[in-house]
$ cat target23.txt   # compact mmCIF, C-alpha atoms
# COMPACT_ATOMS: atom_id res chain seq x y z
CA MET A 1148 -34.25 -22.78 -26.98
CA LYS A 1149 -32.56 -20.99 -24.12
CA ARG A 1150 -28.93 -21.98 -23.79
CA PRO A 1151 -28.05 -23.27 -20.30
CA SER A 1152 -25.61 -21.18 -18.33
CA PRO A 1153 -22.10 -22.50 -19.14
CA LEU A 1154 -20.83 -21.66 -15.65
CA TRP A 1155 -22.63 -24.67 -14.24
CA LEU A 1156 -21.46 -27.14 -16.90
CA ILE A 1157 -18.61 -29.64 -16.93
CA PRO A 1158 -17.66 -29.82 -13.23
CA VAL A 1159 -14.98 -32.39 -14.06
CA ALA A 1160 -13.34 -29.99 -16.49
CA ALA A 1161 -13.40 -27.34 -13.80
CA ALA A 1162 -11.58 -29.63 -11.41
CA LEU A 1163 -8.97 -30.48 -14.04
CA LEU A 1164 -8.29 -26.82 -14.65
CA LEU A 1165 -7.23 -26.43 -11.04
CA LEU A 1166 -4.49 -29.03 -11.48
CA VAL A 1167 -2.47 -27.17 -14.10
CA PRO A 1168 0.96 -25.86 -12.95
CA THR A 1169 -0.06 -22.21 -13.23
CA VAL A 1170 -3.39 -20.56 -13.86
CA ALA A 1171 -1.92 -18.48 -16.68
CA ALA A 1172 -1.48 -21.66 -18.71
CA ALA A 1173 -5.02 -22.94 -18.21
CA GLN A 1174 -7.15 -23.36 -21.34
CA SER A 1175 -10.68 -24.68 -21.56
CA PRO A 1176 -11.43 -27.32 -24.19
CA ASN A 1177 -12.98 -26.05 -27.41
CA SER A 1178 -12.72 -22.43 -26.25
CA THR A 1179 -12.47 -19.60 -28.75
CA ALA A 1180 -10.78 -16.36 -27.77
CA LEU A 1181 -13.18 -13.40 -27.85
CA SER A 1182 -12.21 -10.17 -29.54
CA ALA A 1183 -11.27 -7.31 -27.27
CA ALA A 1184 -13.38 -4.18 -27.04
CA PRO A 1185 -12.22 -1.93 -29.90
CA ALA A 1186 -9.42 0.44 -28.99
CA GLY A 1187 -10.26 4.10 -29.40
CA ALA A 1188 -13.98 3.40 -29.59
CA GLY A 1189 -14.72 6.16 -27.11
CA GLY A 1190 -15.25 4.06 -24.01
CA ALA A 1191 -18.28 3.21 -21.92
CA VAL A 1192 -19.76 3.60 -18.44
CA PHE A 1193 -21.71 1.00 -16.47
CA THR A 1194 -23.81 1.03 -13.31
CA MET A 1195 -26.41 -1.43 -11.99
CA THR A 1196 -29.90 -1.21 -10.55
CA ASN A 1197 -29.28 -3.56 -7.57
CA ALA A 1198 -33.04 -4.18 -7.63
CA VAL A 1199 -34.63 -6.96 -5.57
CA SER A 1200 -36.84 -7.89 -8.52
CA GLY A 1201 -33.80 -8.45 -10.73
CA ASN A 1202 -30.42 -6.78 -11.09
CA VAL A 1203 -29.81 -4.94 -14.38
CA VAL A 1204 -26.70 -3.24 -15.75
CA ILE A 1205 -27.35 0.21 -17.23
CA ALA A 1206 -24.85 1.08 -19.96
CA TYR A 1207 -23.75 4.28 -21.70
CA HIS A 1208 -21.15 4.79 -24.38
CA ILE A 1209 -18.98 7.88 -24.46
CA GLY A 1210 -19.62 9.97 -27.53
CA LYS A 1211 -18.02 13.03 -29.06
CA GLY A 1212 -16.90 15.57 -26.50
CA GLY A 1213 -17.64 13.13 -23.70
CA ALA A 1214 -21.40 12.88 -24.32
CA LEU A 1215 -22.98 10.03 -22.34
CA ILE A 1216 -25.27 8.14 -24.70
CA PRO A 1217 -27.65 5.45 -23.34
CA ASP A 1218 -26.68 2.04 -24.72
CA GLY A 1219 -29.02 -0.49 -23.20
CA HIS A 1220 -30.18 -2.34 -20.10
CA PHE A 1221 -28.79 -5.85 -19.53
CA SER A 1222 -30.12 -8.39 -17.05
CA THR A 1223 -27.53 -10.04 -14.81
CA HIS A 1224 -29.89 -12.99 -14.21
CA GLY A 1225 -29.41 -12.30 -10.51
CA LYS A 1226 -30.95 -10.15 -7.80
CA GLY A 1227 -29.90 -7.09 -5.85
CA THR A 1228 -30.75 -6.06 -2.31
CA GLY A 1229 -32.60 -2.81 -2.99
CA VAL A 1230 -30.41 -0.98 -0.46
CA SER A 1231 -26.89 0.43 -0.56
CA LEU A 1232 -24.12 -2.18 -0.39
CA ALA A 1233 -21.81 0.42 1.23
CA ASP A 1234 -19.03 -0.79 -1.02
CA GLN A 1235 -16.58 0.01 -3.80
CA GLY A 1236 -16.11 -2.30 -6.79
CA ALA A 1237 -19.56 -3.84 -7.30
CA LEU A 1238 -18.77 -3.83 -11.02
CA THR A 1239 -15.31 -4.23 -12.52
CA LEU A 1240 -13.76 -4.62 -15.97
CA THR A 1241 -10.86 -6.79 -17.03
CA ALA A 1242 -7.80 -4.79 -18.04
CA ASP A 1243 -8.41 -5.50 -21.74
CA HIS A 1244 -12.09 -4.44 -21.39
CA ARG A 1245 -13.28 -7.78 -22.79
CA PHE A 1246 -15.36 -8.72 -19.75
CA LEU A 1247 -17.50 -6.95 -17.17
CA LEU A 1248 -18.06 -8.67 -13.81
CA VAL A 1249 -21.04 -7.71 -11.62
CA VAL A 1250 -22.07 -8.81 -8.12
CA ASN A 1251 -25.64 -9.84 -7.35
CA ALA A 1252 -25.82 -9.34 -3.59
CA GLY A 1253 -29.43 -10.49 -3.30
CA SER A 1254 -28.87 -13.88 -4.94
CA ASN A 1255 -25.25 -14.56 -3.88
CA THR A 1256 -23.99 -14.75 -7.46
CA LEU A 1257 -21.45 -13.17 -9.78
CA THR A 1258 -22.30 -12.38 -13.43
CA VAL A 1259 -19.97 -12.16 -16.42
CA PHE A 1260 -20.72 -10.12 -19.56
CA GLN A 1261 -18.73 -9.90 -22.76
CA VAL A 1262 -18.04 -6.27 -23.73
CA HIS A 1263 -18.35 -5.69 -27.47
CA GLY A 1264 -17.41 -2.03 -27.40
CA PRO A 1265 -19.20 0.98 -28.84
CA GLY A 1266 -19.51 1.26 -32.62
CA THR A 1267 -19.34 -2.49 -33.36
CA GLY A 1268 -22.95 -2.87 -34.45
CA SER A 1269 -23.57 -5.28 -31.58
CA PRO A 1270 -25.17 -4.61 -28.20
CA LEU A 1271 -22.59 -3.15 -25.84
CA LEU A 1272 -22.85 -6.20 -23.55
CA SER A 1273 -23.82 -9.82 -23.96
CA TYR A 1274 -24.58 -12.09 -21.03
CA ILE A 1275 -22.21 -15.05 -20.67
CA GLY A 1276 -23.38 -16.57 -17.39
CA HIS A 1277 -23.31 -16.41 -13.63
CA ALA A 1278 -21.81 -18.43 -10.79
CA GLY A 1279 -22.37 -18.72 -7.07
CA SER A 1280 -20.20 -16.28 -5.13
CA ARG A 1281 -19.14 -19.01 -2.67
CA GLY A 1282 -20.46 -16.92 0.20
CA VAL A 1283 -23.29 -14.62 1.28
CA GLU A 1284 -23.99 -11.10 -0.03
CA PRO A 1285 -21.18 -10.39 -2.52
CA VAL A 1286 -20.40 -6.67 -2.52
CA SER A 1287 -17.12 -6.22 -4.43
CA VAL A 1288 -15.16 -8.00 -7.15
CA THR A 1289 -11.61 -7.66 -8.53
CA VAL A 1290 -9.68 -9.26 -11.37
CA HIS A 1291 -6.00 -9.54 -12.33
CA ASP A 1292 -4.70 -11.62 -15.25
CA ARG A 1293 -7.95 -13.64 -15.33
CA ILE A 1294 -7.88 -14.41 -11.61
CA VAL A 1295 -11.11 -13.13 -10.04
CA TYR A 1296 -11.88 -12.63 -6.35
CA VAL A 1297 -15.22 -11.73 -4.87
CA LEU A 1298 -15.79 -10.24 -1.41
CA ASN A 1299 -18.79 -11.69 0.41
CA ALA A 1300 -19.99 -9.47 3.25
CA GLY A 1301 -21.75 -12.30 5.10
CA ASN A 1302 -24.56 -11.77 7.57
CA ALA A 1303 -25.44 -12.44 11.21
CA THR A 1304 -25.27 -16.20 10.71
CA THR A 1305 -22.72 -16.64 7.90
CA PRO A 1306 -19.26 -15.03 8.20
CA GLY A 1307 -17.87 -12.93 5.38
CA ASN A 1308 -15.09 -14.23 3.17
CA ILE A 1309 -13.20 -13.84 -0.08
CA ALA A 1310 -13.27 -16.54 -2.77
CA GLY A 1311 -11.36 -16.95 -6.04
CA PHE A 1312 -12.19 -18.02 -9.59
CA LEU A 1313 -10.41 -18.54 -12.88
CA LEU A 1314 -11.90 -16.47 -15.72
CA ALA A 1315 -11.34 -18.57 -18.84
CA ASP A 1316 -10.89 -17.23 -22.38
CA HIS A 1317 -14.55 -17.73 -23.24
CA GLY A 1318 -15.69 -15.92 -20.06
CA TRP A 1319 -16.66 -18.94 -17.96
CA LEU A 1320 -15.80 -18.91 -14.26
CA PHE A 1321 -14.19 -21.88 -12.52
CA PRO A 1322 -13.70 -21.95 -8.70
CA LEU A 1323 -10.09 -21.91 -7.52
CA ARG A 1324 -9.64 -24.71 -5.01
CA GLY A 1325 -8.33 -23.54 -1.63
CA SER A 1326 -8.82 -19.85 -2.40
CA SER A 1327 -11.62 -19.11 0.07
CA GLN A 1328 -10.30 -17.18 3.06
CA PRO A 1329 -11.99 -15.56 6.08
CA LEU A 1330 -12.14 -11.91 7.04
CA SER A 1331 -10.76 -10.67 10.36
CA SER A 1332 -13.69 -11.99 12.42
CA THR A 1333 -16.60 -14.39 12.20
CA ALA A 1334 -18.80 -11.52 13.41
CA PRO A 1335 -20.02 -8.98 10.81
CA THR A 1336 -17.12 -6.73 9.81
CA GLY A 1337 -18.76 -4.39 7.27
CA PRO A 1338 -16.34 -5.12 4.42
CA ALA A 1339 -16.33 -2.51 1.65
CA GLN A 1340 -13.88 -3.48 -1.08
CA VAL A 1341 -11.55 -6.19 -2.33
CA SER A 1342 -8.81 -5.46 -4.86
CA PHE A 1343 -5.53 -6.81 -6.14
CA ASN A 1344 -2.43 -4.66 -5.86
CA PRO A 1345 -1.03 -3.66 -9.30
CA ALA A 1346 1.37 -6.63 -9.37
CA GLY A 1347 -1.38 -9.11 -8.53
CA THR A 1348 0.61 -10.49 -5.61
CA VAL A 1349 -1.62 -9.31 -2.73
CA LEU A 1350 -5.34 -8.85 -2.17
CA VAL A 1351 -6.59 -6.09 0.13
CA VAL A 1352 -9.93 -5.87 1.94
CA THR A 1353 -11.19 -2.89 3.94
CA GLU A 1354 -13.50 -3.46 6.93
CA LYS A 1355 -15.61 -0.51 8.02
CA ALA A 1356 -17.02 -1.95 11.26
CA THR A 1357 -13.66 -3.10 12.65
CA SER A 1358 -11.38 -0.45 11.06
CA ASN A 1359 -9.14 -3.28 9.88
CA LEU A 1360 -7.19 -3.84 6.68
CA ASP A 1361 -6.99 -7.50 5.65
CA THR A 1362 -4.18 -8.45 3.27
CA TYR A 1363 -3.81 -11.82 1.53
CA PRO A 1364 -0.62 -12.88 -0.31
CA VAL A 1365 -1.50 -14.63 -3.57
CA ASN A 1366 0.63 -17.51 -4.85
CA ILE A 1367 1.65 -18.19 -8.46
CA ARG A 1368 -1.54 -20.17 -9.07
CA GLY A 1369 -3.70 -17.27 -7.93
CA VAL A 1370 -4.65 -18.84 -4.60
CA ALA A 1371 -4.99 -16.44 -1.66
CA GLN A 1372 -3.18 -17.34 1.54
CA ALA A 1373 -4.32 -16.67 5.12
CA PRO A 1374 -4.84 -12.98 5.92
CA THR A 1375 -2.69 -10.55 7.82
CA VAL A 1376 -4.97 -8.22 9.80
CA THR A 1377 -3.75 -4.67 10.44
CA SER A 1378 -5.53 -1.87 12.27
CA SER A 1379 -6.01 1.00 9.84
CA ASN A 1380 -4.47 4.36 10.63
CA GLY A 1381 -7.81 6.17 10.35
CA SER A 1382 -11.25 4.97 11.38
CA THR A 1383 -13.79 3.36 9.04
CA PRO A 1384 -11.55 2.45 6.09
CA TYR A 1385 -13.76 2.29 3.02
CA GLY A 1386 -12.68 2.57 -0.62
CA PHE A 1387 -9.10 2.42 -1.86
CA ALA A 1388 -6.89 2.57 -4.92
CA PHE A 1389 -3.18 2.28 -5.70
CA GLY A 1390 -0.90 5.23 -6.40
CA GLN A 1391 2.69 5.69 -7.46
CA GLY A 1392 4.99 2.82 -6.60
CA GLY A 1393 2.06 0.60 -5.69
CA SER A 1394 1.20 2.70 -2.63
CA LEU A 1395 -2.13 1.84 -1.03
CA ILE A 1396 -4.42 4.88 -0.69
CA VAL A 1397 -7.41 4.33 1.62
CA SER A 1398 -10.32 6.59 2.49
CA ASP A 1399 -11.04 7.10 6.20
CA ALA A 1400 -14.77 7.75 6.27
CA GLY A 1401 -14.83 8.51 10.00
CA PRO A 1402 -12.56 11.58 10.04
CA GLY A 1403 -13.04 12.47 6.34
CA ALA A 1404 -9.49 11.84 5.20
CA LEU A 1405 -7.14 9.72 3.10
CA SER A 1406 -4.28 7.60 4.42
CA SER A 1407 -1.51 5.94 2.43
CA TYR A 1408 0.53 2.82 3.10
CA THR A 1409 3.27 0.70 1.63
CA LEU A 1410 2.23 -2.87 0.90
CA ALA A 1411 4.78 -5.70 0.84
CA ASN A 1412 4.33 -8.94 -1.07
CA SER A 1413 4.07 -10.65 2.31
CA GLY A 1414 0.97 -8.58 3.05
CA ALA A 1415 2.73 -6.35 5.58
CA VAL A 1416 1.29 -2.83 5.69
CA SER A 1417 3.14 0.30 6.87
CA VAL A 1418 1.76 3.84 7.18
CA VAL A 1419 3.22 6.53 4.90
CA SER A 1420 0.75 9.40 5.38
CA GLY A 1421 -1.77 9.10 8.17
CA ALA A 1422 -5.32 10.47 7.91
CA ILE A 1423 -4.72 13.62 5.86
CA ALA A 1424 -8.04 15.46 6.27
CA ASP A 1425 -9.88 16.72 3.19
CA ASN A 1426 -12.23 19.08 5.09
CA GLY A 1427 -15.25 17.16 3.81
CA THR A 1428 -17.55 14.61 5.45
CA ALA A 1429 -17.58 10.85 4.89
CA ALA A 1430 -14.72 10.34 2.43
CA CYS A 1431 -15.61 6.93 1.03
CA TRP A 1432 -14.66 6.21 -2.63
CA VAL A 1433 -11.19 6.58 -4.14
CA VAL A 1434 -9.71 6.63 -7.65
CA VAL A 1435 -6.27 7.67 -8.91
CA ALA A 1436 -5.40 9.46 -12.16
CA HIS A 1437 -2.32 10.64 -14.05
CA GLY A 1438 -0.34 7.47 -13.53
CA GLY A 1439 -1.11 7.31 -9.82
CA ARG A 1440 -0.01 10.90 -9.12
CA ILE A 1441 -3.47 12.37 -8.33
CA ALA A 1442 -6.02 10.80 -5.98
CA TYR A 1443 -9.69 11.76 -5.73
CA THR A 1444 -12.13 10.92 -2.96
CA SER A 1445 -15.88 11.54 -2.84
CA ASN A 1446 -17.32 13.06 0.34
CA ALA A 1447 -20.75 11.47 0.45
CA HIS A 1448 -22.19 13.61 3.23
CA SER A 1449 -20.93 16.96 1.93
CA SER A 1450 -21.41 16.28 -1.81
CA THR A 1451 -17.91 17.28 -2.84
CA ILE A 1452 -14.81 15.70 -4.35
CA SER A 1453 -11.39 16.32 -2.84
CA SER A 1454 -8.06 15.83 -4.61
CA TYR A 1455 -4.57 14.93 -3.40
CA THR A 1456 -1.15 14.65 -4.96
CA VAL A 1457 0.61 11.32 -4.46
CA GLY A 1458 4.40 11.38 -4.12
CA THR A 1459 6.72 8.69 -5.45
CA GLY A 1460 6.74 6.94 -2.07
CA GLY A 1461 3.00 7.34 -1.58
CA THR A 1462 3.13 10.57 0.42
CA LEU A 1463 -0.23 12.38 0.28
CA THR A 1464 -0.65 16.15 0.07
CA LEU A 1465 -4.10 17.75 -0.06
CA LEU A 1466 -4.38 19.48 -3.44
CA ALA A 1467 -7.94 20.84 -3.38
CA PRO A 1468 -10.39 20.34 -0.50
CA VAL A 1469 -13.19 21.02 -3.00
CA ALA A 1470 -11.99 19.97 -6.43
CA ALA A 1471 -15.65 19.79 -7.47
CA THR A 1472 -19.13 20.14 -6.04
CA THR A 1473 -21.49 17.31 -6.99
CA GLY A 1474 -25.14 16.40 -6.79
CA ALA A 1475 -26.46 14.99 -3.53
CA ALA A 1476 -24.57 12.09 -1.94
CA ASP A 1477 -21.74 11.29 -4.36
CA THR A 1478 -21.28 7.60 -3.68
CA ASP A 1479 -19.00 6.15 -6.34
CA LEU A 1480 -16.25 7.15 -8.75
CA ALA A 1481 -14.73 5.75 -11.95
CA LEU A 1482 -12.25 6.95 -14.57
CA GLY A 1483 -12.76 6.38 -18.30
CA GLY A 1484 -12.26 7.66 -21.81
CA THR A 1485 -8.99 7.85 -23.74
CA HIS A 1486 -6.13 8.27 -21.23
CA ASN A 1487 -8.76 8.31 -18.44
CA GLN A 1488 -9.54 11.96 -19.11
CA TYR A 1489 -13.04 11.70 -17.63
CA LEU A 1490 -14.07 11.24 -14.01
CA PHE A 1491 -17.55 9.78 -13.57
CA VAL A 1492 -19.41 10.32 -10.30
CA TYR A 1493 -22.59 8.56 -9.21
CA ASP A 1494 -24.75 10.79 -7.02
CA ALA A 1495 -27.09 8.47 -5.13
CA GLY A 1496 -29.16 11.28 -3.68
CA ALA A 1497 -29.78 12.81 -7.10
CA GLY A 1498 -30.11 9.64 -9.18
CA GLU A 1499 -27.50 10.84 -11.66
CA ILE A 1500 -24.06 10.20 -13.13
CA GLU A 1501 -21.96 13.34 -13.57
CA GLU A 1502 -18.97 13.55 -15.87
CA PHE A 1503 -15.96 15.77 -15.22
CA HIS A 1504 -12.96 16.43 -17.43
CA VAL A 1505 -9.67 15.71 -15.63
CA GLY A 1506 -7.18 18.49 -16.30
CA SER A 1507 -3.43 18.08 -16.68
CA MET A 1508 -2.89 19.34 -13.14
CA GLY A 1509 -5.80 17.38 -11.65
CA GLY A 1510 -8.47 20.08 -11.91
CA LEU A 1511 -12.05 18.96 -12.59
CA THR A 1512 -14.49 20.60 -15.02
CA LEU A 1513 -18.13 19.48 -15.18
CA LEU A 1514 -19.11 18.41 -18.70
CA THR A 1515 -22.45 16.64 -18.58
CA ALA A 1516 -24.75 14.42 -16.55
CA VAL A 1517 -27.39 11.75 -17.06
CA PHE A 1518 -30.41 11.56 -14.78
CA HIS A 1519 -33.33 9.40 -13.65
CA LEU A 1520 -31.31 6.44 -12.38
CA PRO A 1521 -33.31 4.22 -10.00
CA ALA A 1522 -32.98 4.94 -6.30
CA THR A 1523 -31.42 1.50 -5.80
CA ALA A 1524 -28.61 2.05 -8.34
CA GLU A 1525 -25.17 1.00 -7.23
CA GLY A 1526 -21.57 1.12 -8.43
CA LEU A 1527 -19.62 2.38 -11.42
CA ALA A 1528 -17.16 0.91 -13.91
CA ALA A 1529 -15.78 2.67 -16.99
CA PHE A 1530 -13.19 2.53 -19.73

$ encode --input "target23.txt" --output "structure tokens"
Amino acid sequence: MKRPSPLWLIPVAAALLLLVPTVAAAQSPNSTALSAAPAGAGGAVFTMTNAVSGNVVIAYHIGKGGALIPDGHFSTHGKGTGVSLADQGALTLTADHRFLLVVNAGSNTLTVFQVHGPGTGSPLLSYIGHAGSRGVEPVSVTVHDRIVYVLNAGNATTPGNIAGFLLADHGWLFPLRGSSQPLSSTAPTGPAQVSFNPAGTVLVVTEKATSNLDTYPVNIRGVAQAPTVTSSNGSTPYGFAFGQGGSLIVSDAGPGALSSYTLANSGAVSVVSGAIADNGTAACWVVVAHGGRIAYTSNAHSSTISSYTVGTGGTLTLLAPVAATTGAADTDLALGGTHNQYLFVYDAGAGEIEEFHVGSMGGLTLLTAVFHLPATAEGLAAF
């Protein structure tokens, strides 16, 4: 008999969870802690099909020398849109790699998988359940200390928003009361990414259509407060990551550049380095390596990756305009492997994931690639 999805069970228990003094103390009745993904197991890489007929996570584990070894297809029990979400963060892992969260933009849901880790004798992922995203067209998800937020892009009739959940020890999701907050406008804003800052005290959202940065202070219970809306330094802010000292590093897709900012716990944003051009076209996705000292951005329209150094205060300096040449239309990035020594790049135009070794000074060396991903594939997450 098929087990019913636990995310829709016990609504009273869900309400009670929201009454505890802090979310960190919340425990679900009869829950059993799941084992973490094994340390040193080599890591794994995940993308998703984003197919209208049914969204599926495609998994690989990282073998000897960085080999990417297929490790299964796993239904999210949700649907994709069949077209690019123009986002960053459609899949994300918890910091301990125990859970993978995946958006289903075509069915307005969020799926949770347990990660068993390579070499355990079990499938790499097991489906736990899914929950409504509390909005329309979820495109990005973030998690910090078991507090989860999803970014809903909205549509012509339903405004976009962010909404929060508690991720319990057994992987169930419970809505956080009062956590839903609007974006900068009720009109479509083209949001691309939501993410916590490293301390988990502020959420950031980038809006491509308005060139705004929305920042939401988060209280001790994980509940987002009303947004502060700031015009970005460069046009079309897209993906972002956090560098040294918690600096906010944002891609400016319009001019093909990165900008950096300081981010206060109040949500106040101040420019550090403004629109430092990378000499590529359509800088969109951002990751940071080497403890936040090196930033990479993918130039989707010139099929290159550019690298920057990040100073202690967040100052950006272009390191290599072309740190690597990729397959057609590099549209997402993720770091994985022991000490994050591998950079994974999804090339939408080539239907492939490329793997680069990250050198001690930030240089990139192509190692391998896997091919024949569906044209609708979307997003990357890795450990």

$ atom_distance --input "target23.txt" --atom1 "CA of Ser1231 in chain A" --atom2 "CA of Thr1194 in chain A"
13.1 Å

$ residues_around --input "target23.txt" --residues "Pro1335 in chain A" --least-positions-apart "6" --cutoff "7 Å" --atoms "all atoms listed in the file" --output "list in words"
Gly1301, Asn1302, Ala1303 and Pro1306 of chain A

$ residues_around --input "target23.txt" --residues "Phe1343 in chain A" --least-positions-apart "2" --cutoff "10 Å" --atoms "only C-alpha atoms" --output "count of residues only"
22

$ residues_around --input "target23.txt" --residues "Gly1496 in chain A" --least-positions-apart "4" --cutoff "12 Å" --atoms "all atoms listed in the file" --output "JSON, numbers by chain"
{"A": [1231, 1447, 1448, 1449, 1450, 1473, 1474, 1475, 1476, 1477, 1478, 1479, 1492, 1500, 1518, 1519, 1520, 1521, 1522, 1523, 1524, 1525]}

$ closest_residue --input "target23.txt" --among "A:Asp1316, A:Asp1218, A:Asp1292, A:Asp1425" --to "Leu1271 in chain A" --atoms "only C-alpha atoms"
A:Asp1218

$ residues_around --input "target23.txt" --residues "Gly1318 in chain A" --least-positions-apart "3" --cutoff "7 Å" --atoms "all atoms listed in the file" --output "MDAnalysis selection string"
chainID A and resid 1259 1275 1314:1315

$ closest_residue --input "target23.txt" --among "A:Phe1221, A:Val1435, A:Leu1395, A:Thr1459" --to "Pro1270 in chain A" --atoms "only C-alpha atoms"
A:Phe1221

$ decode --input "target23.txt" --residues "range 1233-1297 of chain A" --atoms "C-alpha atoms" --output "short mmCIF file (atom, residue, chain, number, x, y, z; two decimals), in the first residue's frame"
data_model
loop_
_atom_site.label_atom_id
_atom_site.label_comp_id
_atom_site.auth_asym_id
_atom_site.auth_seq_id
_atom_site.Cartn_x
_atom_site.Cartn_y
_atom_site.Cartn_z
CA ALA A 1233 15.57 31.90 -15.12
CA ASP A 1234 16.65 31.28 -11.55
CA GLN A 1235 19.38 30.15 -9.18
CA GLY A 1236 18.71 27.68 -6.37
CA ALA A 1237 15.97 25.42 -7.78
CA LEU A 1238 17.58 22.60 -5.80
CA THR A 1239 19.39 23.01 -2.49
CA LEU A 1240 20.94 20.78 0.17
CA THR A 1241 20.90 21.20 3.91
CA ALA A 1242 24.32 21.97 5.37
CA ASP A 1243 24.67 18.43 6.75
CA HIS A 1244 23.67 16.95 3.34
CA ARG A 1245 20.84 14.96 4.94
CA PHE A 1246 18.08 16.49 2.82
CA LEU A 1247 17.66 17.75 -0.74
CA LEU A 1248 14.88 20.27 -1.44
CA VAL A 1249 13.53 20.73 -4.97
CA VAL A 1250 10.99 23.17 -6.42
CA ASN A 1251 8.20 21.99 -8.71
CA ALA A 1252 7.29 25.18 -10.56
CA GLY A 1253 4.54 23.56 -12.62
CA SER A 1254 2.57 22.23 -9.64
CA ASN A 1255 3.40 24.92 -7.04
CA THR A 1256 5.01 22.45 -4.65
CA LEU A 1257 8.27 21.80 -2.83
CA THR A 1258 9.71 18.27 -2.51
CA VAL A 1259 11.99 16.87 0.19
CA PHE A 1260 14.33 13.89 -0.33
CA GLN A 1261 16.51 12.14 2.20
CA VAL A 1262 20.12 11.84 0.98
CA HIS A 1263 21.67 8.49 1.85
CA GLY A 1264 25.08 9.23 0.40
CA PRO A 1265 27.16 7.26 -2.08
CA GLY A 1266 28.48 3.86 -1.02
CA THR A 1267 25.75 3.09 1.54
CA GLY A 1268 24.07 0.32 -0.44
CA SER A 1269 20.87 2.35 -0.59
CA PRO A 1270 19.55 4.51 -3.43
CA LEU A 1271 21.18 7.92 -3.30
CA LEU A 1272 17.82 9.60 -2.61
CA SER A 1273 14.54 8.55 -1.07
CA TYR A 1274 11.37 10.58 -1.43
CA ILE A 1275 9.96 11.91 1.85
CA GLY A 1276 7.08 14.07 0.63
CA HIS A 1277 6.02 17.37 -0.85
CA ALA A 1278 4.14 20.46 0.32
CA GLY A 1279 2.42 23.38 -1.34
CA SER A 1280 4.80 26.27 -1.92
CA ARG A 1281 2.27 28.78 -0.51
CA GLY A 1282 2.40 30.71 -3.77
CA VAL A 1283 2.58 30.35 -7.55
CA GLU A 1284 5.56 29.08 -9.58
CA PRO A 1285 8.28 28.37 -7.01
CA VAL A 1286 11.70 28.96 -8.59
CA SER A 1287 14.25 28.99 -5.75
CA VAL A 1288 14.63 27.51 -2.27
CA THR A 1289 17.04 28.12 0.63
CA VAL A 1290 17.59 26.54 4.04
CA HIS A 1291 19.42 27.54 7.22
CA ASP A 1292 19.30 25.54 10.48
CA ARG A 1293 16.14 23.74 9.32
CA ILE A 1294 14.32 26.95 8.39
CA VAL A 1295 13.31 26.76 4.72
CA TYR A 1296 12.14 29.59 2.47
CA VAL A 1297 10.80 29.25 -1.03
#
